[in-house]
Every structure is written in structure tokens, then in C-alpha cells.
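One structure is given here, and the rest of the page talks about it.
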Number of protein chains: 2
Amino acid sequence: MKITDMRVHSIAIADPPLRSSYGLHAPYALRTILELESDDGIVGIAETYGGERPARALLDLRPRVLGADPYRLTGLLLPLMDGEGCGPARSQTHLVPGENPLDAATRTYAAIEAACLDLIGKSAGRPVCDLLGGRVREAVPFSAYAFYKHAGGGGEGDDARDDEYGEVLTPEAMVREVKQMIARYGFGSIKLKGGVLDPDIEIETMRQLRAEFGPDVPLRIDPNSAWTVDTSVRVGKALAAELSSGGYLEDPTAGLENMSAVRKQLLAAGLDIPLASNVAVTSFADLPRAIALDAVQIVLSDHHYWGGMRQVQHLARLCKTFDLGLSMHSNSHLGVSLMAMAHGAAATPHLTYACDTHYPWQSSEDEVVAGGRIPIVGGYVRIPERPGLGVELDYDQLARGRERYAKCPYRRRDDEAEMRKHVDPNWKRILPRW
Amino acid sequence: MKITDMRVHSIAIADPPLRSSYGLHAPYALRTILELESDDGIVGIAETYGGERPARALLDLRPRVLGADPYRLTGLLLPLMDGEGCGPARSQTHLVPGENPLDAATRTYAAIEAACLDLIGKSAGRPVCDLLGGRVREAVPFSAYAFYKHAGGGGEGDDARDDEYGEVLTPEAMVREVKQMIARYGFGSIKLKGGVLDPDIEIETMRQLRAEFGPDVPLRIDPNSAWTVDTSVRVGKALAAELSSGGYLEDPTAGLENMSAVRKQLLAAGLDIPLASNVAVTSFADLPRAIALDAVQIVLSDHHYWGGMRQVQHLARLCKTFDLGLSMHSNSHLGVSLMAMAHGAAATPHLTYACDTHYPWQSSEDEVVAGGRIPIVGGYVRIPERPGLGVELDYDQLARGRERYAKCPYRRRDDEAEMRKHVDPNWKRILPRW
């Protein structure tokens, strides 16, 4: 089996005006769909970050991909994982994950791996998770990813999507949002994207969520490094009950030293609230210091930038070895990414928390998976009895995504620019803000 | 595809009277050959430690293996890796690796994994290394594994093997042994099994090896914990030149604290001689303290007891993350194990040293691989263009191995008993001896 064609599709998908400490989501998120076709006509697919650079990075590999055996290509390209030409991947604080220049190579590698695994699975008649050592779970738990947001469902003009959740800028509106989301998808845990409103309002939001859903629904809050050490400790203490029993405090503050200081002060107060991270720790190279400083107790994996599903399995074993938990990070994505996340998670024994997903924020109008959106039932995505990732592309939908991309005025994600355009012309991302 | 039969063959293979700090190799080493047959008549094979307990452990899993899909079985059995019923695997100092009760479950798991991968590879028409993410090398380097030994080629009576190397109990004889071995197999590095003679004789042996083979052939010495911290440091200083340029000092002393002390004292003397281990560190659970103490700079992996080839890949990524080297341990084995070691190593990018192998010490009379012994050329084992591990069983040879096993009076490896029987009736393994 040889790869005879490689197709890279840049698409745009409607995204609601979600808020975070990075700023505001634009009306469209950018994604890239990769197709690898073999000489026997089978097509393996993957989804990754969008815009110009991810697409170009994939196309730059075309000469190494065409003619390669998908069973061997991931081995041939492994030097990318270790920073061929650019040094090993590292974390950074200021850019959104898909825009981190320090892990561009591992993101490219991951997309190729996912498409190869899908191609191999479709060729061998096997689901991807079973190519990775065999599933350890038949269904993968996800959590309700709750955002403060402005009114609007994403998209623009005639292409605007329904606004299912309305404006959500108060604790009460957030409880309503999460109730709707859980009613629809059945999630058994909740993650609040914080770092948006005054910490006292976010504390109150978490308290109302706990009051509404009770102690059996674990809660997490993620202000994306928006707080000082003092504020992080203050919030941790205020939410000691809410963040216990399976919850966590995610990236409250920027940098490993500050994370470590928060951990120490919470422990000194008798509070063993684990700190999770997908900002301070986003690569293997970040782990030794994070562990030495006890800065992070839970790593949020993401095959899209850790270098693929096999690297996430390596990461999981490393986390288990060092008594760290493992959860999963997400960015705005469609069903191809969701299935890759689910297959990777299904084959990763040490996954100790439900995964994040932005999937509820996307719409059926934008889904490129044939047959429409992937069901999330009872909070779980079930591994289907189909080969590969278990999904095929709807080429009409893909064409619509490409048209939307062509019309889109931007070629990379810039949540700060969106804030200035729609909320405050002088807005800047300030870290720490509180 | 379902597994419809599981066959476990206990065999004995001739083994020469090799010496180590554990004692003396018996005339026969014990091995277990595992066969998993699928409903389409394909047979996957694996080789592991021998004697009663490994065979029984495999047979105990029969109810979970029969009827299982080989693509999923390794996922279903993963709880074994994490100590289902017995706690996570740990290292110990006194017993030979295959007799460590603390990693029995991971050894069992590894044998099942290897046979499943062979079965999958033969079913899909793919070499095992390409099921593991794709080869990163087409051929795997091994080192000359030099032992002090008594006269004899292994086996007994009519079944005695040719004694290719004769008695080797002096530096001069060792140089001759290694010259013969390199002439035959082309190895590009040398490992001396030490801990047998007075350290000054072993130092002299290493010096004569360096004088004979020059600085381009890296040297290692492994006394299997026979030395005190002081002796270890003394030997390290005496062999500073010999152990530099790609060599290492392996398990000079027992326990992580002592290893750490040796490392510190050598560094204080300006000598950055890396310490390797397959005694102090033989499982993931040993790694956090080993790393914290800087007790080990190179881990000797071994899919047979680390839990299989995928776990060795996890280990390799962990080692790279913490700036540790990775090499590979061996025990007396036949061609099935050699090919599993080669496939695992071929798919493990961070393999920073040539692998150990006892293979030159075994004989064609004992090989159970159809077509006879695997070639080692220029010190390398080449990954063949055949599916699975690339080897099939010779059932006549297997039957001979079973007959030998039936005649063998012992059911586990006991090098101390052999020393008492053949060398010194009062011999005991004393740690440290020097």
C-alpha cells in the first residue's frame, strides 16, 4: 500500500462569540482537513488547526508523503516529533494552542499520523483504537465545556447560526447554559472557561453550578493564566468544596513557578486541589521541570499538538509513572477531530478525567462528516463498529467549508482582535488581569 | 478474527557455563514458546522466560485469551500491566530478571502482546515494527556480550554442544573470546559481564579489550551489583578512558542510593561516566526515584519484563524526556525473542545504544525458528521483508526442546545452585562481594 495523493482542505466553520482570557472567538473558526489516498483507493482523513500555516506545513511534507507506505510513514517522519529543523516542542503562554510556533512540527506530525491510522484502519477493517494496542473503554467520557458568551450562534449575515444558548455573562445565565447542554448531551462533569469576568463573579458562578448539579458532577475552572498567584490561591480556597471530588483548577496563573507557588500555598492551607494544565505544560520538554516543581498534577493531553495518539499514550504512561492525572484539551473542532480524540482516549488506559470538547458549540451546518454530527449520549462518544476513525467525509459539506474559508478575511485565530472589534476597541490581553 | 487456540511450550536449550555475579549458567536454560492461533488458521508466536511459573501464568489467562480478538486482547489485558491482583511491577536485586516475582504480570502480558502482534502482522501482511508506528531503522545494532566462562559449550552428555570459546577466565582469554565473536558476528560494541573475578582483573580485561579493539568500539562493564560504592568509584576512575566515548558502567552496585553515590563521586572527580541499569530500575515504578537521585543515566529496556514492545516505546519517550539513554537487556534466548527485540527496537526512535543479546551463546541445535538461526551481520539484525515477527516455528525442533525440558531436573533458573554444584560447594551470592 502506497500513498498516491494528499489533499489539504482549509475550511471555516461557524463559531459562537465565546469568551476566554485570550479574548473573543471570531464568527468563524479555521480548520484543516487532510486526506491521504492510497493506491487501492482508500482515503484516510484527519482534522487539525486551520489557517495558512498548518495547511502549508502539511503541503511542505508532500514529497515525503507521496509514495510512502502509511504503515511506515509515521516512523519515517518521527524526526518531526523531536524538532527536526526547529528544536523540540515547548509551551508558551500568550498565543492560543494552535498558534504556538514552538509545536508546529508536532501538530503537523499528528495530522499525518491520524490520517495514516485512519487509512490503515480502513484498509485492515479495524477501528483506530484497536491499532493502538486495543481499546480499554468502549465509550469515552466528555465534559460540558461551559463558556461565558455574547449573544449569537456563530457565522455571519445569511450564514448566521441559531443562538441556542443566548448571551451568558452572569452566574444565572451560566447555570441555564449548562442545564441546556447537559439536557442535550448528558455530560457528567462541567468545565467552566474562566478568566473572563471578575473572579468573584466566577466564584459565584461555580457555586451556583454546584448548587444546581450537586457534588456528583465534578467541576473544573480554567481562567487560562488570567490570575496572579494570590488570586489563584484565593479562588482555590473559596472553591475548595466545588473543586474537590474529581474537579480541578486549570492554569490559574502563568508559568511553572507561579503554578508551583499556588500549589504550595493551597497545600499549606490543607487543600489538595489538583492543578491541571494545557498552557504551562504542552510538550514533553516541559514535563521535567513541571514535575520537579510539583507545578502541575494533571496534564491535559491533546493529540493535535502533543504529536499524535501514540505520543498521548506515551504521555499517559509517563503521567501514571509520576502520579499525575491525565485529561484532554480541546479547541473548536468538527467530527473528524472528535473521533480521533475518542479513539486515542479509548486506547489510553491512564485517562483519569472526562475529556474536554468544544463540539457542542459547532453546528450541523458545518459538519463535514458524512451522515452529520457525531452523537454524544450520556456524555459519552461511543467507538463505532466501523474501520478507521469510523467516519467518512461529506464532500459537499467540505466544499461549503472551503467556500466559507475563501470568504473569511482572516487566516489565523486572533481572539484579541475580535475583542477590539466587537467589545472594546482598546482591549488587550493582560496577564495577570486579576 | 478470534483466537481459537493457545499453546504453551516449555522448552530447554543448551547454555554454556557462563559466569556472572548471580553464579553460573546451568547446562540448559529454560524458555517458553507461546502460540496463539486464530480462527483463520494463522499462528502468532512469542518467546519468554521458562520454567513452571511463566508457563502456568500464561495458561491461567487461557479463559481470557480464547475467543478474544488479537487486536483488542492487549487492551483487555492492560490491567495486568498495572498490577492486577499483585500491585505494580518493581525491581529487586537478588533474583535473576526472569525470576523476579514483582514483575510476573508484566512478563505474562508481554508474551501475549508479542504473540498478538505477530498474529496481527501475519494477518495483515505487515512486519511487527510497522504495527508499532513504523520502523525508524531497517536494522538493529547489537553488542558483543562477553562472559567469563568455564570450559564447555552447554548441554550435557550426548547432547553437549561444541565449545566454541573454551575456558575464559583471564583477560587474555577474554580478548580471544571477543575477537572470535566479533569475527563471526561483526559487533561494533562490547559488553563485558563482570562481577566474576577480582575487580583488578576485570579492569585489566577492559584495558586489554580497549587495546585490542581501539576507541571506536564502545565498551560496557556490568558486574550486576557486585561492588561497593567505593569499588565502583575506583573501577570507574580506573576505566575512565575505556568507559567514555559511548560506553557505560552498568549496575556497579546495589540500590538506587548507592548508584546515586557512585554517580556523585564520579562527577565530583570530573568523570561523566553514565550508569546504566537493569537491576536497580526494571519497571516504571522505579523511575521517579531513580531520576530524582540521578542514580541511573541509561535504562536497559527489555520488552520481556517491561510489559511488551509498546511499553518499551513508552519507556523510550520517558527516557528521552528526562535526558536518559536507552539500551536493551537480554537473557539466554532463541530467535523468536531476538526478532521481537529487533522489531521493538526498530520502532523505538530513542534507542541510544546497541542492544544486548545472548544469542551468540545459543546453538543451531536448539533453535526453534524454521530455517535455523537468525543472521547477525556486521553486528546488526535486519528486519526481514516478512509479516509479523518474520519467523515461523520448526515444530520438530520445538518437540526436541520439549523433550529436553522433560529431562531437565530443574524448573527455574538457579545460578547459585549451579555454582555450588560445579565450582564451590559453599558458594553464595554475596552483595557486595568486592
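How things are named: the first chain in the C-alpha cells is A, the next is B, and so on; residues count from 1 in each chain; ligands count from 1 in the order shown.
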Q) RMSD over all C-alpha atoms, chain A superposed on chain B in order? A) 0.0 Å
Q | DSSP helix (DSSP H, G or I) residues within region 118-245 of chain A, as number ranges by chain | A | A: 118-124, 128-131, 157-159, 171-185, 199-213, 229-238, 240-243
Q.
Env of Gly44 (chain A): 8 Å cut, atoms = only C-alpha atoms, seq-sep filter 5 positions within chain, self excluded. Answer as JSON, numbers by chain.
A. {"A": [35, 36, 37, 115, 116, 117, 118, 119, 120, 122, 388]}
7 Å contacts from chain A to chain B using only C-alpha atoms, as a short mmCIF file (atom, residue, chain, number, x, y, z; two decimals) with all heavy atoms, in the first residue's frame:
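Ended up saving to selection-v1.cif:
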```cif
data_model
loop_
_atom_site.label_atom_id
_atom_site.label_comp_id
_atom_site.auth_asym_id
_atom_site.auth_seq_id
_atom_site.Cartn_x
_atom_site.Cartn_y
_atom_site.Cartn_z
N TYR A 71 1.87 2.50 6.80
CA TYR A 71 2.34 1.77 7.99
C TYR A 71 3.74 2.25 8.42
O TYR A 71 4.14 2.01 9.54
CB TYR A 71 2.42 0.27 7.70
CG TYR A 71 1.13 -0.50 7.81
CD1 TYR A 71 0.32 -0.68 6.70
CD2 TYR A 71 0.73 -1.07 9.02
CE1 TYR A 71 -0.86 -1.42 6.78
CE2 TYR A 71 -0.44 -1.82 9.11
CZ TYR A 71 -1.23 -1.98 7.99
OH TYR A 71 -2.39 -2.72 8.08
N ARG A 72 4.46 2.83 7.47
CA ARG A 72 5.84 3.22 7.79
C ARG A 72 6.03 4.73 7.86
O ARG A 72 7.02 5.20 8.42
CB ARG A 72 6.79 2.67 6.72
CG ARG A 72 6.83 1.16 6.74
CD ARG A 72 8.04 0.64 6.00
NE ARG A 72 7.89 -0.80 5.82
CZ ARG A 72 8.69 -1.55 5.09
NH1 ARG A 72 9.71 -1.00 4.47
NH2 ARG A 72 8.48 -2.85 4.98
N LEU A 73 5.08 5.47 7.29
CA LEU A 73 5.28 6.92 7.17
C LEU A 73 5.50 7.57 8.53
O LEU A 73 6.35 8.45 8.69
CB LEU A 73 4.06 7.54 6.46
CG LEU A 73 4.11 9.05 6.25
CD1 LEU A 73 5.34 9.47 5.46
CD2 LEU A 73 2.84 9.54 5.54
N THR A 74 4.73 7.13 9.53
CA THR A 74 4.85 7.76 10.86
C THR A 74 6.24 7.51 11.44
O THR A 74 6.76 8.33 12.17
CB THR A 74 3.76 7.23 11.80
OG1 THR A 74 3.61 5.81 11.59
CG2 THR A 74 2.43 7.90 11.49
N GLY A 75 6.84 6.35 11.13
CA GLY A 75 8.22 6.11 11.57
C GLY A 75 9.20 7.00 10.83
O GLY A 75 10.09 7.61 11.44
N LEU A 76 8.99 7.15 9.52
CA LEU A 76 9.89 7.98 8.72
C LEU A 76 9.86 9.44 9.15
O LEU A 76 10.87 10.14 9.09
CB LEU A 76 9.48 7.90 7.23
CG LEU A 76 9.60 6.54 6.55
CD1 LEU A 76 9.03 6.58 5.14
CD2 LEU A 76 11.07 6.11 6.52
N ALA A 124 -7.40 -2.36 6.85
CA ALA A 124 -7.40 -3.62 7.59
C ALA A 124 -8.77 -3.96 8.17
O ALA A 124 -8.96 -5.03 8.74
CB ALA A 124 -6.37 -3.56 8.72
N ASP A 130 -8.04 0.11 18.06
CA ASP A 130 -7.52 -1.25 18.14
C ASP A 130 -6.20 -1.41 17.41
O ASP A 130 -5.53 -2.44 17.55
CB ASP A 130 -8.57 -2.24 17.65
CG ASP A 130 -9.80 -2.25 18.56
OD1 ASP A 130 -9.64 -1.95 19.76
OD2 ASP A 130 -10.90 -2.52 18.08
N LEU A 131 -5.81 -0.38 16.65
CA LEU A 131 -4.46 -0.37 16.06
C LEU A 131 -3.45 0.16 17.05
O LEU A 131 -2.25 0.10 16.82
CB LEU A 131 -4.43 0.52 14.81
CG LEU A 131 -5.43 0.19 13.70
CD1 LEU A 131 -5.33 1.24 12.59
CD2 LEU A 131 -5.18 -1.20 13.14
N GLY A 133 -3.08 -0.73 20.26
CA GLY A 133 -2.91 -1.58 21.43
C GLY A 133 -4.23 -2.11 21.95
O GLY A 133 -4.25 -2.92 22.88
N GLY A 134 -5.31 -1.66 21.36
CA GLY A 134 -6.61 -2.18 21.79
C GLY A 134 -7.31 -1.24 22.76
O GLY A 134 -6.71 -0.70 23.66
N ARG A 135 -8.60 -1.09 22.55
CA ARG A 135 -9.38 -0.18 23.40
C ARG A 135 -9.41 -0.67 24.85
O ARG A 135 -9.43 -1.88 25.10
CB ARG A 135 -10.80 -0.06 22.86
CG ARG A 135 -11.59 -1.35 22.95
CD ARG A 135 -12.89 -1.27 22.17
NE ARG A 135 -12.62 -1.29 20.74
CZ ARG A 135 -13.58 -1.21 19.81
NH1 ARG A 135 -14.85 -1.06 20.17
NH2 ARG A 135 -13.28 -1.25 18.53
N VAL A 136 -9.38 0.26 25.76
CA VAL A 136 -9.58 -0.07 27.17
C VAL A 136 -10.96 0.38 27.62
O VAL A 136 -11.36 0.12 28.76
CB VAL A 136 -8.50 0.56 28.08
CG1 VAL A 136 -7.15 -0.07 27.79
CG2 VAL A 136 -8.42 2.07 27.88
N PHE A 284 6.53 17.36 25.91
CA PHE A 284 7.37 16.53 26.77
C PHE A 284 8.48 17.35 27.42
O PHE A 284 8.82 17.12 28.58
CB PHE A 284 7.94 15.36 25.96
CG PHE A 284 6.90 14.33 25.62
CD1 PHE A 284 6.28 14.31 24.38
CD2 PHE A 284 6.51 13.39 26.56
CE1 PHE A 284 5.30 13.37 24.07
CE2 PHE A 284 5.53 12.44 26.26
CZ PHE A 284 4.93 12.43 25.01
N ALA A 285 9.02 18.30 26.67
CA ALA A 285 10.15 19.07 27.20
C ALA A 285 9.76 19.89 28.43
O ALA A 285 10.62 20.25 29.23
CB ALA A 285 10.71 19.98 26.11
N PRO A 288 9.81 17.70 32.81
CA PRO A 288 10.73 17.52 33.95
C PRO A 288 10.65 18.65 34.98
O PRO A 288 10.57 18.40 36.18
CB PRO A 288 12.11 17.45 33.26
CG PRO A 288 11.81 16.85 31.92
CD PRO A 288 10.50 17.48 31.52
N HIS A 314 2.17 7.61 25.15
CA HIS A 314 3.44 7.73 25.88
C HIS A 314 3.27 8.68 27.08
O HIS A 314 3.71 8.40 28.18
CB HIS A 314 4.54 8.29 24.98
CG HIS A 314 4.85 7.46 23.76
ND1 HIS A 314 4.64 6.10 23.71
CD2 HIS A 314 5.37 7.80 22.55
CE1 HIS A 314 5.03 5.65 22.51
NE2 HIS A 314 5.45 6.65 21.80
N ARG A 317 1.48 7.11 30.03
CA ARG A 317 2.32 6.23 30.85
C ARG A 317 3.27 7.05 31.72
O ARG A 317 3.50 6.73 32.87
CB ARG A 317 3.08 5.25 29.95
CG ARG A 317 4.07 4.35 30.65
CD ARG A 317 3.50 3.52 31.79
NE ARG A 317 2.56 2.50 31.36
CZ ARG A 317 1.88 1.72 32.20
NH1 ARG A 317 2.01 1.86 33.53
NH2 ARG A 317 1.03 0.82 31.75
N LEU A 318 3.78 8.12 31.14
CA LEU A 318 4.66 9.00 31.90
C LEU A 318 3.89 9.61 33.08
O LEU A 318 4.38 9.64 34.22
CB LEU A 318 5.24 10.07 30.98
CG LEU A 318 6.37 10.94 31.53
CD1 LEU A 318 7.23 11.47 30.37
CD2 LEU A 318 5.88 12.10 32.37
N THR A 321 3.34 7.10 35.74
CA THR A 321 4.61 6.83 36.43
C THR A 321 4.89 7.89 37.49
O THR A 321 5.38 7.57 38.58
CB THR A 321 5.75 6.80 35.39
OG1 THR A 321 5.48 5.75 34.46
CG2 THR A 321 7.09 6.55 36.06
N PHE A 322 4.58 9.13 37.17
CA PHE A 322 4.87 10.22 38.11
C PHE A 322 3.64 10.64 38.90
O PHE A 322 3.61 11.73 39.46
CB PHE A 322 5.50 11.40 37.37
CG PHE A 322 6.92 11.13 36.97
CD1 PHE A 322 7.22 10.54 35.76
CD2 PHE A 322 7.96 11.41 37.85
CE1 PHE A 322 8.54 10.26 35.42
CE2 PHE A 322 9.27 11.14 37.52
CZ PHE A 322 9.56 10.55 36.29
#
```
Q) Using only C-alpha atoms, which of A:Leu334, A:Ala340, A:Ala144, A:Ala406 sits nearest Asp356 (chain A)? A) A:Ala144
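Using only C-alpha atoms for every distance, the candidate list A:Thr352, A:Gln397, A:Asn100, A:Gln362 yields A:Thr352 as the residue closest to Gly246 (chain A).
Candidate residues B:Leu431, B:Leu30, B:Leu249, B:Leu324 were compared for distance to Leu95 (chain B), and the nearest is B:Leu431, using only C-alpha atoms.
Shortest separation to Gly390 (chain B) among B:Ile45, B:Thr357, B:Phe147, B:Lys193 occurs at residue B:Ile45, atoms counted being only C-alpha atoms.
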